[in-house]
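Chemist: You'll find protein23.txt just under this line, and it carries compact mmCIF, C-alpha atoms.
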```
# COMPACT_ATOMS: atom_id res chain seq x y z
CA MET A 1 91.07 90.73 91.44
CA MET A 2 90.00 87.63 89.49
CA TRP A 3 89.39 83.93 88.20
CA ALA A 4 87.59 80.73 87.54
CA ARG A 5 87.01 77.06 87.20
CA LEU A 6 90.57 76.49 86.07
CA LEU A 7 91.59 77.21 89.65
CA VAL A 8 89.67 74.38 91.32
CA GLY A 9 91.93 71.49 92.27
CA VAL A 10 95.20 73.24 91.43
CA GLY A 11 96.16 74.17 94.97
CA GLY A 12 95.36 70.90 96.68
CA SER A 13 94.20 72.25 100.06
CA GLY A 14 90.62 72.55 101.26
CA LEU A 15 91.20 76.20 102.06
CA TRP A 16 92.31 76.82 98.48
CA LEU A 17 89.33 74.94 97.04
CA ARG A 18 87.03 77.22 99.01
CA ALA A 19 89.04 80.27 98.00
CA SER A 20 88.76 79.35 94.33
CA ARG A 21 85.00 79.61 94.53
CA ASP A 22 85.33 83.11 95.96
CA LEU A 23 87.64 84.06 93.09
CA ARG A 24 85.07 82.76 90.62
CA GLY A 25 82.65 85.32 92.01
CA LEU A 26 85.26 88.03 91.59
CA LEU A 27 85.73 87.07 87.96
CA ARG A 28 82.07 87.70 87.39
CA VAL A 29 82.03 91.12 88.96
CA GLY A 30 85.53 92.48 89.53
CA GLY A 31 85.65 95.71 87.59
CA ALA A 32 82.23 94.95 86.12
CA ALA A 33 80.99 98.40 86.96
CA CYS A 34 83.46 99.64 84.38
CA VAL A 35 83.90 97.05 81.66
CA GLY A 36 80.60 95.26 81.15
CA ARG A 37 80.89 92.18 78.95
CA ARG A 38 83.88 89.83 79.15
CA GLN A 39 86.30 89.14 76.36
CA ALA A 40 88.23 85.97 75.60
CA SER A 41 91.46 85.43 73.74
CA SER A 42 92.00 82.74 71.15
CA GLY A 43 92.14 79.29 72.69
CA GLU A 44 90.84 80.41 76.08
CA GLU A 45 87.52 79.34 77.53
CA CYS A 46 85.20 82.23 78.19
CA PRO A 47 85.19 82.43 82.02
CA VAL A 48 81.54 83.53 82.14
CA LYS A 49 79.18 82.06 79.55
CA GLY A 50 77.51 84.64 77.35
CA HIS A 51 79.85 87.39 78.46
CA CYS A 52 82.63 87.16 75.87
CA THR A 53 82.88 89.34 72.80
CA GLU A 54 86.18 90.37 71.24
CA ALA A 55 89.73 89.23 71.91
CA LEU A 56 91.40 90.00 75.20
CA LYS A 57 94.24 92.49 75.26
CA LYS A 58 97.69 91.22 76.17
CA THR A 59 100.33 92.87 78.33
CA PRO A 60 103.98 92.91 77.18
CA LEU A 61 104.56 89.99 79.59
CA PHE A 62 101.84 87.74 78.09
CA ASP A 63 104.17 85.28 76.36
CA PHE A 64 106.48 85.27 79.39
CA HIS A 65 103.54 84.37 81.66
CA ARG A 66 102.66 81.42 79.44
CA GLU A 67 106.29 80.24 79.36
CA GLN A 68 106.42 80.40 83.15
CA GLY A 69 103.30 78.26 83.54
CA GLY A 70 100.89 81.13 84.18
CA LYS A 71 97.22 80.14 84.10
CA MET A 72 95.62 82.89 82.04
CA VAL A 73 92.10 84.22 82.56
CA GLY A 74 90.17 87.23 81.33
CA PHE A 75 90.04 90.22 83.66
CA ALA A 76 88.90 93.76 82.81
CA GLY A 77 89.39 93.07 79.10
CA TRP A 78 92.92 91.66 79.51
CA SER A 79 94.41 88.18 79.56
CA MET A 80 96.11 87.97 82.95
CA PRO A 81 97.77 85.23 85.04
CA VAL A 82 95.62 84.15 87.96
CA GLN A 83 98.42 81.95 89.34
CA TYR A 84 101.52 80.02 88.32
CA LYS A 85 102.74 76.56 89.33
CA ASP A 86 102.53 77.30 93.06
CA SER A 87 99.14 77.14 94.74
CA HIS A 88 97.27 80.32 95.54
CA ILE A 89 97.99 79.87 99.25
CA ALA A 90 101.71 79.26 98.70
CA SER A 91 101.96 82.35 96.48
CA HIS A 92 100.07 84.46 99.02
CA MET A 93 102.36 83.40 101.87
CA HIS A 94 105.50 83.82 99.75
CA THR A 95 104.53 87.49 99.24
CA ARG A 96 103.97 87.96 102.97
CA GLU A 97 107.31 86.35 103.85
CA HIS A 98 109.58 87.00 100.86
CA CYS A 99 108.97 88.87 97.57
CA SER A 100 106.67 88.48 94.56
CA ILE A 101 106.30 90.12 91.16
CA PHE A 102 102.83 91.00 89.86
CA ASP A 103 102.15 92.14 86.30
CA VAL A 104 99.93 95.23 86.54
CA SER A 105 100.60 96.51 83.01
CA HIS A 106 96.85 96.50 82.37
CA MET A 107 96.51 99.58 84.58
CA LEU A 108 96.00 102.94 82.84
CA GLN A 109 99.10 105.16 83.15
CA THR A 110 98.74 108.85 82.28
CA LYS A 111 100.95 111.93 82.33
CA VAL A 112 99.29 115.34 82.78
CA HIS A 113 101.41 118.26 81.55
CA GLY A 114 101.07 122.06 81.59
CA LYS A 115 101.11 124.83 84.17
CA ASP A 116 97.40 124.26 84.93
CA ARG A 117 97.82 120.51 85.47
CA VAL A 118 97.10 120.65 89.21
CA LYS A 119 93.96 122.72 88.70
CA PHE A 120 92.88 120.28 85.98
CA MET A 121 93.37 117.23 88.20
CA GLU A 122 91.66 118.84 91.17
CA SER A 123 88.60 119.50 88.98
CA LEU A 124 88.21 115.71 88.72
CA VAL A 125 89.34 114.24 92.06
CA VAL A 126 88.77 114.78 95.79
CA GLY A 127 92.44 114.98 96.82
CA ASP A 128 94.61 118.01 97.57
CA ILE A 129 97.08 117.68 94.71
CA ALA A 130 98.48 121.17 95.23
CA GLU A 131 99.81 120.26 98.69
CA LEU A 132 101.83 117.30 97.44
CA LYS A 133 105.59 117.68 97.59
CA ASP A 134 107.79 116.88 94.60
CA ASN A 135 107.58 113.17 93.77
CA GLN A 136 104.94 112.54 96.43
CA GLY A 137 101.76 110.68 95.54
CA THR A 138 98.33 110.14 97.05
CA LEU A 139 95.41 107.79 96.63
CA SER A 140 92.44 109.76 95.34
CA LEU A 141 88.99 109.26 93.86
CA PHE A 142 87.20 110.34 90.69
CA THR A 143 83.68 111.25 91.82
CA THR A 144 80.35 111.99 90.14
CA GLU A 145 78.23 115.07 90.73
CA LYS A 146 75.99 112.81 92.83
CA GLY A 147 78.92 111.87 95.08
CA GLY A 148 79.51 108.35 93.76
CA ILE A 149 82.98 106.92 93.16
CA ILE A 150 83.90 106.59 89.47
CA ASP A 151 87.30 105.06 90.20
CA ASP A 152 90.20 105.11 92.66
CA LEU A 153 93.61 106.19 91.41
CA ILE A 154 97.08 107.29 92.50
CA VAL A 155 98.26 110.79 91.55
CA THR A 156 101.96 111.64 91.89
CA ARG A 157 103.28 115.19 91.57
CA THR A 158 106.65 114.61 89.90
CA ASP A 159 109.57 117.02 89.77
CA GLN A 160 109.64 116.57 85.99
CA GLY A 161 106.83 119.03 85.23
CA TYR A 162 103.96 116.54 85.02
CA LEU A 163 101.53 114.56 87.17
CA TYR A 164 101.83 110.78 86.93
CA VAL A 165 98.44 109.09 87.28
CA VAL A 166 97.70 105.35 87.61
CA SER A 167 94.08 104.18 87.50
CA ASN A 168 92.22 100.89 87.14
CA ALA A 169 92.26 98.83 83.96
CA GLY A 170 88.56 98.06 84.10
CA CYS A 171 87.74 101.76 84.23
CA ALA A 172 90.27 102.84 81.59
CA ASP A 173 87.68 103.74 78.96
CA LYS A 174 85.45 105.83 81.20
CA ASP A 175 88.40 107.39 83.06
CA SER A 176 90.14 108.43 79.84
CA ALA A 177 86.87 109.71 78.35
CA ARG A 178 86.21 111.79 81.46
CA MET A 179 89.73 113.24 81.44
CA LYS A 180 89.54 113.99 77.70
CA ALA A 181 86.21 115.79 78.11
CA ARG A 182 87.56 117.93 80.95
CA LEU A 183 90.74 118.58 78.94
CA ALA A 184 88.63 119.96 76.08
CA GLU A 185 86.86 122.28 78.54
CA PHE A 186 90.15 123.54 79.94
CA LYS A 187 91.63 124.13 76.50
CA ALA A 188 88.48 125.96 75.38
CA ALA A 189 88.93 128.23 78.39
CA GLY A 190 92.52 128.97 77.33
CA LEU A 191 94.15 126.99 80.14
CA ASP A 192 97.52 125.25 79.75
CA VAL A 193 97.13 121.50 80.15
CA ASP A 194 97.84 118.38 78.06
CA MET A 195 97.59 114.64 78.59
CA GLU A 196 99.64 111.67 77.47
CA PHE A 197 98.49 108.05 77.84
CA LEU A 198 101.53 105.80 78.32
CA ASP A 199 102.35 102.48 76.67
CA GLU A 200 104.83 101.54 79.40
CA ALA A 201 104.66 98.21 81.22
CA LEU A 202 104.05 98.22 84.97
CA ILE A 203 105.13 95.59 87.48
CA ALA A 204 104.59 95.49 91.24
CA VAL A 205 107.39 94.05 93.37
CA GLN A 206 105.95 93.30 96.80
CA GLY A 207 107.10 91.75 100.05
CA PRO A 208 109.45 92.22 103.01
CA SER A 209 112.59 91.37 101.02
CA MET A 210 111.76 93.73 98.13
CA ALA A 211 114.27 96.37 99.26
CA GLN A 212 117.26 94.01 99.48
CA VAL A 213 116.40 92.60 96.03
CA LEU A 214 115.80 95.90 94.25
CA GLN A 215 118.70 97.76 95.88
CA GLN A 216 121.10 95.48 94.00
CA GLY A 217 119.90 97.05 90.75
CA LEU A 218 119.78 100.70 91.88
CA LYS A 219 122.41 103.39 92.38
CA GLU A 220 119.94 105.41 94.46
CA ASP A 221 119.55 104.62 98.16
CA LEU A 222 116.18 102.89 98.41
CA SER A 223 116.00 103.61 102.14
CA LYS A 224 115.40 107.27 101.23
CA LEU A 225 112.34 106.42 99.12
CA THR A 226 109.40 106.22 101.53
CA PHE A 227 105.82 105.03 101.08
CA MET A 228 103.88 106.88 98.33
CA ASN A 229 106.99 108.58 96.97
CA SER A 230 108.42 108.14 93.49
CA THR A 231 111.66 108.56 91.57
CA LEU A 232 113.04 108.15 88.05
CA ALA A 233 115.88 105.65 88.02
CA THR A 234 117.93 103.18 86.04
CA VAL A 235 116.89 99.75 87.32
CA PHE A 236 119.22 96.80 86.65
CA GLY A 237 120.68 98.72 83.72
CA ILE A 238 117.32 99.78 82.27
CA PRO A 239 117.03 103.60 82.12
CA GLY A 240 113.85 105.65 82.30
CA CYS A 241 112.03 103.57 84.95
CA ARG A 242 109.67 105.25 87.39
CA VAL A 243 109.86 103.54 90.79
CA THR A 244 107.00 104.33 93.21
CA ARG A 245 106.95 102.89 96.72
CA CYS A 246 103.39 101.63 96.93
CA GLY A 247 101.34 98.53 96.23
CA TYR A 248 98.14 96.58 96.74
CA THR A 249 99.25 93.90 99.21
CA GLY A 250 99.83 95.69 102.51
CA GLU A 251 103.53 94.80 102.33
CA ASP A 252 106.49 97.04 101.59
CA GLY A 253 106.77 97.23 97.83
CA VAL A 254 107.23 99.25 94.67
CA GLU A 255 105.52 99.62 91.34
CA ILE A 256 107.96 100.06 88.46
CA SER A 257 106.87 101.69 85.20
CA VAL A 258 109.30 100.35 82.61
CA PRO A 259 109.60 100.58 78.81
CA ALA A 260 107.47 97.75 77.41
CA SER A 261 110.35 96.47 75.27
CA ARG A 262 112.46 95.78 78.36
CA VAL A 263 109.97 94.55 80.96
CA VAL A 264 110.77 90.86 80.33
CA GLU A 265 114.45 91.64 80.84
CA LEU A 266 113.73 93.43 84.12
CA THR A 267 111.43 90.67 85.35
CA GLU A 268 114.05 88.00 84.59
CA LYS A 269 116.73 89.96 86.44
CA LEU A 270 114.48 90.27 89.49
CA LEU A 271 113.59 86.57 89.33
CA SER A 272 117.27 85.62 89.35
CA HIS A 273 117.21 86.43 93.09
CA SER A 274 116.19 83.42 95.19
CA GLU A 275 113.74 85.52 97.21
CA VAL A 276 111.58 86.38 94.20
CA LYS A 277 108.72 84.48 92.56
CA LEU A 278 105.95 85.40 90.13
CA ALA A 279 102.45 85.83 91.57
CA GLY A 280 99.05 86.16 89.96
CA LEU A 281 95.77 87.92 90.44
CA GLY A 282 94.43 85.24 92.80
CA SER A 283 96.96 85.93 95.54
CA ARG A 284 96.84 89.65 94.81
CA ASP A 285 93.15 89.65 95.71
CA SER A 286 93.48 87.76 98.99
CA LEU A 287 96.49 89.92 99.93
CA ARG A 288 94.59 93.16 99.31
CA LEU A 289 91.59 91.91 101.26
CA GLU A 290 93.76 91.03 104.28
CA ALA A 291 95.14 94.58 103.98
CA GLY A 292 91.60 96.01 103.98
CA LEU A 293 91.99 97.55 100.52
CA CYS A 294 89.01 98.11 98.22
CA LEU A 295 88.47 96.50 94.83
CA TYR A 296 86.67 98.86 92.48
CA GLY A 297 83.43 97.33 91.19
CA ASN A 298 83.08 95.22 94.34
CA ASP A 299 83.64 97.39 97.41
CA ILE A 300 83.23 100.84 95.88
CA ASP A 301 81.42 102.07 92.78
CA GLU A 302 79.21 104.89 91.56
CA THR A 303 76.50 103.95 94.10
CA THR A 304 78.85 104.46 97.07
CA THR A 305 80.21 107.74 98.39
CA PRO A 306 83.68 108.19 99.95
CA VAL A 307 82.03 108.64 103.36
CA GLU A 308 80.01 105.43 103.11
CA GLY A 309 83.17 103.67 101.92
CA THR A 310 85.18 104.97 104.92
CA LEU A 311 87.50 106.78 102.51
CA VAL A 312 87.07 110.26 104.00
CA TRP A 313 90.85 110.41 104.53
CA THR A 314 91.31 110.74 100.74
CA ILE A 315 89.47 114.09 100.76
CA GLY A 316 91.91 116.95 101.32
CA LYS A 317 91.07 119.34 104.17
CA ARG A 318 91.33 122.34 101.85
CA ARG A 319 89.05 120.60 99.37
CA ARG A 320 86.42 120.07 102.09
CA GLN A 321 86.41 123.80 102.71
CA THR A 322 86.40 124.93 99.09
CA LYS A 323 83.89 122.23 98.05
CA ASP A 324 85.14 122.49 94.47
CA PHE A 325 85.31 118.82 93.48
CA PRO A 326 82.54 116.82 91.78
CA GLY A 327 79.86 115.77 94.27
CA ALA A 328 81.21 117.98 97.07
CA ASP A 329 77.75 119.33 97.96
CA ILE A 330 76.66 115.77 98.78
CA ILE A 331 79.91 114.32 100.13
CA VAL A 332 81.09 117.11 102.47
CA PRO A 333 77.86 117.27 104.55
CA GLN A 334 78.07 113.47 104.98
CA ILE A 335 81.41 113.84 106.77
CA LYS A 336 79.73 115.43 109.80
CA ALA A 337 76.34 113.74 109.51
CA LYS A 338 76.16 109.95 109.82
CA THR A 339 75.44 108.04 106.63
CA ALA A 340 72.81 105.31 106.70
CA ARG A 341 75.40 102.65 105.88
CA LYS A 342 79.12 102.14 106.26
CA ARG A 343 81.80 99.83 104.87
CA VAL A 344 83.15 97.51 107.58
CA GLY A 345 85.33 94.45 107.99
CA LEU A 346 83.91 91.10 109.09
CA VAL A 347 85.43 87.90 110.45
CA SER A 348 83.70 84.54 110.75
CA THR A 349 84.38 80.82 111.03
CA GLY A 350 82.75 77.95 109.17
CA PRO A 351 81.77 78.24 105.50
CA PRO A 352 83.52 81.07 103.61
CA VAL A 353 81.69 84.35 103.12
CA ARG A 354 81.41 85.55 99.53
CA GLN A 355 80.24 88.61 97.67
CA HIS A 356 76.48 89.26 97.90
CA THR A 357 76.21 87.23 101.13
CA PRO A 358 73.46 88.88 103.22
CA ILE A 359 74.58 90.39 106.53
CA LEU A 360 72.05 89.95 109.35
CA SER A 361 71.43 91.54 112.72
CA PRO A 362 71.42 89.24 115.78
CA ASP A 363 67.64 88.88 115.41
CA GLY A 364 67.91 87.90 111.74
CA LYS A 365 67.03 91.15 109.99
CA VAL A 366 68.99 91.96 106.80
CA ILE A 367 71.26 94.92 107.60
CA GLY A 368 73.69 94.80 104.68
CA GLU A 369 75.63 92.78 102.14
CA VAL A 370 79.16 91.43 101.73
CA THR A 371 81.13 93.00 98.86
CA SER A 372 84.37 90.94 99.09
CA GLY A 373 85.22 87.83 101.05
CA CYS A 374 87.68 84.92 101.22
CA PRO A 375 89.39 82.58 103.66
CA SER A 376 92.46 84.40 105.02
CA PRO A 377 95.65 82.38 104.43
CA CYS A 378 97.40 84.26 107.26
CA LEU A 379 94.61 84.23 109.86
CA LYS A 380 93.09 80.82 109.01
CA LYS A 381 89.57 82.23 109.28
CA ASN A 382 87.11 83.90 106.95
CA ILE A 383 87.45 87.62 106.31
CA ALA A 384 85.18 89.92 104.37
CA MET A 385 84.16 93.50 103.89
CA GLY A 386 80.73 94.86 103.16
CA TYR A 387 78.19 97.54 103.95
CA VAL A 388 75.99 97.50 107.05
CA ASP A 389 73.46 99.83 108.63
CA SER A 390 75.51 102.36 110.60
CA ALA A 391 74.00 101.23 113.92
CA PHE A 392 75.90 97.94 113.51
CA ALA A 393 79.20 99.39 112.24
CA LYS A 394 81.13 99.55 115.53
CA ASN A 395 84.12 97.20 115.78
CA GLY A 396 83.32 94.15 117.88
CA THR A 397 79.61 94.16 117.09
CA ALA A 398 78.20 90.65 116.96
CA ILE A 399 76.20 90.06 113.79
CA GLN A 400 75.41 87.16 111.45
CA VAL A 401 76.00 86.28 107.80
CA GLU A 402 73.68 84.10 105.78
CA VAL A 403 75.69 81.29 104.17
CA ARG A 404 73.83 78.56 102.26
CA LYS A 405 70.58 79.81 103.77
CA LYS A 406 71.90 79.37 107.31
CA ALA A 407 72.78 82.16 109.75
CA VAL A 408 76.46 81.97 110.78
CA PRO A 409 77.93 84.09 113.62
CA ALA A 410 80.27 86.90 112.54
CA THR A 411 81.91 89.93 114.13
CA VAL A 412 82.53 93.43 112.80
CA SER A 413 86.31 93.83 112.69
CA LYS A 414 88.72 96.68 112.22
CA MET A 415 90.74 96.72 109.02
CA PRO A 416 93.39 95.92 107.95
CA PHE A 417 92.85 92.36 109.11
CA VAL A 418 96.61 91.72 108.85
CA PRO A 419 98.92 94.60 109.93
CA THR A 420 100.40 96.52 107.02
CA ASN A 421 104.15 96.98 106.58
CA TYR A 422 104.44 100.15 104.50
CA TYR A 423 107.92 101.70 104.66
CA SER A 424 107.97 105.14 106.29
CA GLY A 425 111.74 105.46 106.74
```
Render the structure in this file as structure tokens.

Modeler:
Amino acid sequence: MMWARLLVGVGGSGLWLRASRDLRGLLRVGGAACVGRRQASSGEECPVKGHCTEALKKTPLFDFHREQGGKMVGFAGWSMPVQYKDSHIASHMHTREHCSIFDVSHMLQTKVHGKDRVKFMESLVVGDIAELKDNQGTLSLFTTEKGGIIDDLIVTRTDQGYLYVVSNAGCADKDSARMKARLAEFKAAGLDVDMEFLDEALIAVQGPSMAQVLQQGLKEDLSKLTFMNSTLATVFGIPGCRVTRCGYTGEDGVEISVPASRVVELTEKLLSHSEVKLAGLGSRDSLRLEAGLCLYGNDIDETTTPVEGTLVWTIGKRRRQTKDFPGADIIVPQIKAKTARKRVGLVSTGPPVRQHTPILSPDGKVIGEVTSGCPSPCLKKNIAMGYVDSAFAKNGTAIQVEVRKKAVPATVSKMPFVPTNYYSG
């Protein structure tokens, strides 16, 4: 997700200088489908001229970020660290090889209570929430009646009598408005459901050494908590934390919802381990792209359907049969019929490929557009994702991308670009 001119020259390597320009493009559009105009906090340069209005919101870790040398930029209405003292590349590789902490407190956290909570949630999303086991979660999608994607989110069915929902910061206003409107409908119909928006902080602890670091602060056996499962725990002496084994990097990791008043304490305790460093939005974006994960507002939005976005796996089998989610009459038929376009991965050499780069057929015809792109720190080549005409969507297809008005060879590639390391037990 993220960032701007402040990044240029910080990292020192040519790869990083190129990457910084890609991040500048993300700053302009990341989450833009949700938030519109940018905001800037006191003393910060507006990252996009003419797009700043009121003050940026601050997470409970804001002052801590500044103390630790975090370079703060505006993202989705929040002041967030794009990087710290280490270069973007160094931070990216540290996450792949060790362990990093990301502040994701800007995400919207919601609890849905009541005996009709599952029915309520299924009236908004494509997933089969009823089939989830206790403390199991799933990635799902809010969809429009026209089949477009309003937002992606994680829904966890806890054993505490509520659903725990985490959705994107940039879409917080429209997501909460949509949930409130549906809540009013359910209440008017006499159904039992309530919502609670949380003020908790949220940090992501990601990387191959996460488990050895976190286990030192847990009584529970972390080896029993598998990918997309969640538990309430006391973490390094802090009670009432929700630990969910998930993340946005492709590595083994957790997201920890922690009382805002104690998140600095928890972060400091984690950082006391030599394996752990802070990481910012810059490395988070290149990590998620290597993992083939979508950024809302770039790779998916209300103009793309789950089928076009190759996210059919998020649609529960029962839900496909009942067709009782928003946009089902458009989305379900697309599953069997081919859509005109499809989201694919791309690899190329030479100049980096950025968002809005035209994708060309071998004979030079425009067949699509890049939605995210950056030089891959792990692969040492350019990676991207975008939408192409379905005839060109097969892995291995030779195509071209137009960079600086020149056609550059590229190849359609399977995703993830870098193998994921999610923990399945």

Chemist: Enclose the full set of atoms of range 150-163 of chain A listed in the file within a box whose edges lie along x, y and z, apply 5 Å of padding to each of the six sides, and report centre and edge lengths in Å to one decimal as JSON.

Modeler:
```
{"center_x": 96.8, "center_y": 112.0, "center_z": 88.8, "size_x": 35.7, "size_y": 24.0, "size_z": 17.6}
```

Chemist: To one decimal in Å, tell me the separation between CA of Ala211 in chain A and CA of Tyr423 in chain A.

Modeler: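 Atom-to-atom, CA of Ala211 in chain A and CA of Tyr423 in chain A are spaced 9.9 Å apart.
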
Chemist: Take CA of Gly170 in chain A and CA of Glu255 in chain A and report the distance between them in Å, one decimal.

Modeler: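 About the pair CA of Gly170 in chain A and CA of Glu255 in chain A: they are 18.5 Å apart.
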
Chemist: When distances are computed from only C-alpha atoms, which of A:His356, A:Arg262, A:Arg117, A:His94 shows the smallest separation from Asp194 in chain A?

Modeler: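 Closest to Asp194 in chain A of all the choices is A:Arg117.
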
Chemist: So that I can see what lies close to Gly237 in chain A, please list as a VMD selection string the residues with an atom at most 12 Å from it, counting all atoms listed in the file and leaving out residues fewer than 5 positions away in the same chain.

Modeler: chain A and resid 214 216 to 219 258 262 to 263 265 to 266 269 to 270

Chemist: One number please: CA of Gly373 in chain A to CA of Gly148 in chain A, in Å, one decimal.

Modeler: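 So the answer is 22.5 Å.
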
Chemist: A:Val166, A:Ile89, A:Thr244, A:Gly396: which is nearest Lys224 in chain A, counting all atoms listed in the file?

Modeler: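 For Lys224 in chain A, the nearest of the given residues is A:Thr244.
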
Chemist: Here is a test: counting all atoms listed in the file, which residue of A:Val235, A:Val213, A:Leu271, A:Leu346 is nearest to Leu360 in chain A?

Modeler: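 Looking only at the distances to Leu360 in chain A, the closest residue turns out to be A:Leu346.
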
Chemist: Which polymer residues have any atom within 8 Å of an atom of Leu198 in chain A, counting only C-alpha atoms, with same-chain residues fewer than 2 positions away left out, as a PDB file with C-alpha atoms, in the coordinates of the input?

Modeler:
```pdb
ATOM      1  CA  LEU A 108      96.000 102.940  82.840  1.00  0.00           C
ATOM      2  CA  GLN A 109      99.100 105.160  83.150  1.00  0.00           C
ATOM      3  CA  THR A 110      98.740 108.850  82.280  1.00  0.00           C
ATOM      4  CA  LYS A 111     100.950 111.930  82.330  1.00  0.00           C
ATOM      5  CA  GLU A 196      99.640 111.670  77.470  1.00  0.00           C
ATOM      6  CA  GLU A 200     104.830 101.540  79.400  1.00  0.00           C
TER       7      GLU A 200
END
```

Chemist: Fewer than 3 positions away in the same chain doesn't count, so skip those; otherwise give me all residues within 12 Å of Asp63 in chain A, counting only C-alpha atoms, as a PyMOL selection string.

Modeler: chain A and resi 58-60+66-72+79-81+263-264
